[in-house]
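Okay, my_file.cif now, which holds mmCIF, C-alpha atoms:
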data_data
loop_
_atom_site.label_atom_id
_atom_site.label_comp_id
_atom_site.auth_asym_id
_atom_site.auth_seq_id
_atom_site.Cartn_x
_atom_site.Cartn_y
_atom_site.Cartn_z
CA MET J 267 26.44 41.40 -174.09
CA GLN J 268 28.86 44.16 -173.34
CA ALA J 269 27.91 47.84 -173.20
CA ASN J 270 29.61 48.55 -176.55
CA PHE J 271 26.94 46.46 -178.33
CA ILE J 272 23.41 47.66 -179.02
CA THR J 273 20.26 46.04 -180.38
CA ILE J 274 18.72 46.84 -183.74
CA GLY J 275 15.92 48.69 -181.93
CA GLN J 276 18.41 50.84 -180.06
CA LEU J 277 20.26 51.59 -183.31
CA ALA J 278 16.96 52.52 -184.97
CA ARG J 279 15.97 54.86 -182.12
CA ARG J 280 19.40 56.49 -182.00
CA THR J 281 19.67 57.10 -185.76
CA GLY J 282 16.02 57.69 -186.64
CA VAL J 283 16.24 54.92 -189.25
CA ALA J 284 13.52 52.27 -189.40
CA VAL J 285 14.44 48.75 -188.34
CA SER J 286 13.45 47.55 -191.82
CA ALA J 287 15.92 50.00 -193.39
CA LEU J 288 18.68 48.78 -191.07
CA ARG J 289 17.94 45.21 -192.17
CA PHE J 290 18.09 46.41 -195.78
CA TYR J 291 21.46 48.07 -195.14
CA GLU J 292 22.66 44.80 -193.64
CA GLU J 293 21.43 42.88 -196.69
CA LYS J 294 23.35 45.30 -198.93
CA GLY J 295 26.52 44.83 -196.90
CA LEU J 296 26.53 48.34 -195.43
CA LEU J 297 26.16 47.02 -191.87
CA ASP J 298 27.65 43.85 -190.43
CA PRO J 299 26.11 42.99 -187.05
CA ILE J 300 27.17 40.04 -184.98
CA ARG J 301 24.63 37.40 -183.94
CA THR J 302 24.00 36.22 -180.40
CA SER J 303 23.59 32.55 -179.56
CA GLY J 304 19.85 33.24 -179.89
CA ASN J 305 20.46 34.63 -183.41
CA GLN J 306 19.65 38.22 -182.43
CA ARG J 307 21.51 41.06 -184.13
CA ARG J 308 23.92 43.15 -182.11
CA PHE J 309 25.62 46.22 -183.47
CA LEU J 310 28.71 48.04 -182.30
CA ARG J 311 27.99 51.49 -180.89
CA GLY J 312 30.24 52.78 -183.69
CA ASP J 313 27.59 51.64 -186.16
CA ILE J 314 25.64 54.76 -185.15
CA ARG J 315 28.35 56.73 -186.97
CA ARG J 316 28.21 54.31 -189.92
CA VAL J 317 24.44 54.77 -190.30
CA SER J 318 24.84 58.55 -189.94
CA PHE J 319 27.45 58.44 -192.71
CA ILE J 320 25.00 56.50 -194.92
CA LEU J 321 22.23 59.06 -194.27
CA ILE J 322 24.44 62.06 -195.00
CA ALA J 323 25.88 60.46 -198.13
CA GLN J 324 22.36 59.70 -199.40
CA LYS J 325 21.27 63.30 -198.76
CA LEU J 326 24.24 64.44 -200.86
CA GLY J 327 23.10 62.25 -203.72
CA LEU J 328 25.25 59.15 -203.41
CA GLY J 329 23.57 55.88 -204.30
CA LEU J 330 23.84 52.83 -202.10
CA ALA J 331 26.36 51.24 -204.48
CA GLU J 332 28.62 54.31 -204.15
CA ILE J 333 28.21 54.34 -200.37
CA GLU J 334 29.03 50.63 -200.21
CA GLU J 335 32.15 51.26 -202.30
CA GLN J 336 33.28 54.05 -199.98
CA LEU J 337 32.66 51.98 -196.83
CA ALA J 338 34.41 48.96 -198.36
CA SER J 339 37.51 51.11 -198.96
CA LEU J 340 37.97 51.58 -195.23
CA PRO J 341 40.58 49.36 -193.56
CA GLN J 342 39.05 46.17 -192.16
CA GLY J 343 35.52 47.53 -192.52
CA ARG J 344 35.94 50.12 -189.78
CA ASN J 345 33.54 53.02 -189.43
CA PRO J 346 34.36 56.28 -191.22
CA THR J 347 36.35 58.89 -189.35
CA LEU J 348 36.32 62.64 -189.92
CA ALA J 349 39.38 62.25 -192.19
CA ASP J 350 37.56 59.56 -194.21
CA TRP J 351 34.52 61.79 -194.61
CA GLN J 352 36.70 64.74 -195.69
CA ARG J 353 38.41 62.58 -198.34
CA ILE J 354 35.08 61.28 -199.63
CA SER J 355 33.49 64.74 -199.63
CA ARG J 356 36.40 66.17 -201.65
CA GLN J 357 35.79 63.47 -204.24
CA MET J 358 32.11 64.40 -204.33
CA ARG J 359 32.56 68.17 -204.66
CA VAL J 360 33.14 68.17 -208.41
CA GLU J 361 30.00 66.11 -209.01
CA ILE J 362 27.97 68.29 -206.63
CA ASP J 363 29.22 71.47 -208.37
CA GLU J 364 28.12 70.03 -211.74
CA LYS J 365 24.66 69.28 -210.32
CA ILE J 366 24.43 72.83 -208.98
CA LYS J 367 25.34 74.26 -212.40
CA LEU J 368 22.67 72.11 -214.07
CA LEU J 369 20.06 73.15 -211.50
CA ASN J 370 20.94 76.84 -211.93
CA ARG J 371 20.73 76.58 -215.74
CA THR J 372 17.42 74.75 -215.47
CA ARG J 373 16.01 77.30 -213.01
CA ASN J 374 17.09 80.19 -215.24
CA GLN J 375 15.49 78.59 -218.29
CA LEU J 376 12.14 77.72 -216.65
CA ASP J 377 10.49 81.05 -217.49
CA GLN J 378 11.80 81.01 -221.04
CA CYS J 379 12.61 78.01 -223.11
CA ILE J 380 13.88 74.66 -221.94
CA GLY J 381 15.74 74.52 -225.22
CA CYS J 382 14.39 72.57 -227.15
CA GLY J 383 11.81 70.13 -226.49
CA CYS J 384 10.08 73.38 -226.83
CA LEU J 385 7.34 74.86 -224.71
CA SER J 386 6.99 78.02 -226.77
CA LEU J 387 7.04 77.96 -230.55
CA GLU J 388 7.00 81.77 -230.59
CA LYS J 389 10.16 82.09 -228.50
CA CYS J 390 11.74 79.13 -230.26
CA ARG J 391 11.80 81.16 -233.49
CA LEU J 392 14.02 83.67 -231.69
CA TYR J 393 16.20 81.43 -229.52
CA ASN J 394 16.46 78.37 -231.74
CA LYS J 395 16.00 79.57 -235.30
CA ASP J 396 16.15 76.68 -237.77
CA ASP J 397 16.53 74.29 -234.82
CA ASN J 398 20.25 75.03 -234.41
CA LEU J 399 20.17 73.43 -230.96
CA GLY J 400 19.15 70.16 -232.61
CA LEU J 401 22.54 70.08 -234.33
CA LYS J 402 24.19 69.76 -230.90
CA GLY J 403 22.34 66.54 -230.10
CA PRO J 404 19.04 65.24 -228.75
CA GLY J 405 17.15 66.57 -225.77
CA PRO J 406 17.02 69.99 -224.10
CA ARG J 407 20.42 71.23 -225.31
CA ALA J 408 20.22 74.72 -223.79
CA VAL J 409 20.06 73.11 -220.36
CA LEU J 410 22.32 70.09 -220.87
CA ASP J 411 25.23 71.84 -222.62
#
If you took the structure in this file and wrote it as structure tokens, what would it be?
Amino acid sequence: MQANFITIGQLARRTGVAVSALRFYEEKGLLDPIRTSGNQRRFLRGDIRRVSFILIAQKLGLGLAEIEEQLASLPQGRNPTLADWQRISRQMRVEIDEKIKLLNRTRNQLDQCIGCGCLSLEKCRLYNKDDNLGLKGPGPRAVLD
């Protein structure tokens, strides 16, 4: 095999991803290795970037289905470039900002009331008199709204 192909073990060592996870990614269509005449997997060196993209996207909260969708949008299944990543990350920013807002609201409410699925009946009388939050819908409305 040529130098631009690597084994699954080499890909695992280079990316820090277990061989079993790489096989899983292949099963999900995220990686597409070629097979040798002996049926061994060979990956393009560029698949190091593809696996890195998958890892970063997962850390940012994308599910495998979303990652697969993003990778499938690339021309002829090529690996993501910096421009691709910038386009994808711009799409993700709004969702990430919403998650940050929810986390901040939740953190700020932790010492008080989680509004209402209530942890403090005493405070609830002050913050949620007559269960006004319940009129906005089910669940912890002070956090979700």
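Using all atoms listed in the file, the nearest neighbour of Leu330 in chain J within the list J:Glu293, J:Asp350, J:Glu361, J:Asp298 is J:Glu293.
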Explicit residues for the PyMOL selection byres ((chain J and resi 320-325) around 10) (as number ranges by chain): J: 281-283, 291, 296, 314-319, 326-330, 332-334, 336-337, 351, 354-355, 358
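Minimum atom-to-atom distances from J:Leu297, J:Ala284, J:Gly400, J:Lys367 to Arg311 in chain J were compared using all atoms listed in the file, and the lowest value belongs to J:Leu297.
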Selection near Arg301 in chain J, 12 Å with only C-alpha atoms, sequence-local residues under 4 positions removed, as a PyMOL selection string: chain J and resi 267+271-274+305-310
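Between CA of Lys294 in chain J and CA of Ala338 in chain J the separation is 11.7 Å.
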Gap from CA of Ile300 in chain J to CA of Asn345 in chain J - Å, one decimal: 15.1 Å
CA of Gln352 in chain J to CA of Phe290 in chain J, distance in Å rounded to a single decimal: 26.1 Å
Selected residue of minimal separation from Arg344 in chain J among J:Gly295, J:Ser303, J:Gln276, J:Gly312, counting only C-alpha atoms: J:Gly312
Centre and edge lengths of an axis-aligned box around all listed atoms of range 363-377 of chain J, with 8 Å added on each side, are to be given in Å to one decimal, as JSON.
{"center_x": 19.9, "center_y": 75.2, "center_z": -213.3, "size_x": 34.7, "size_y": 27.8, "size_z": 25.9}
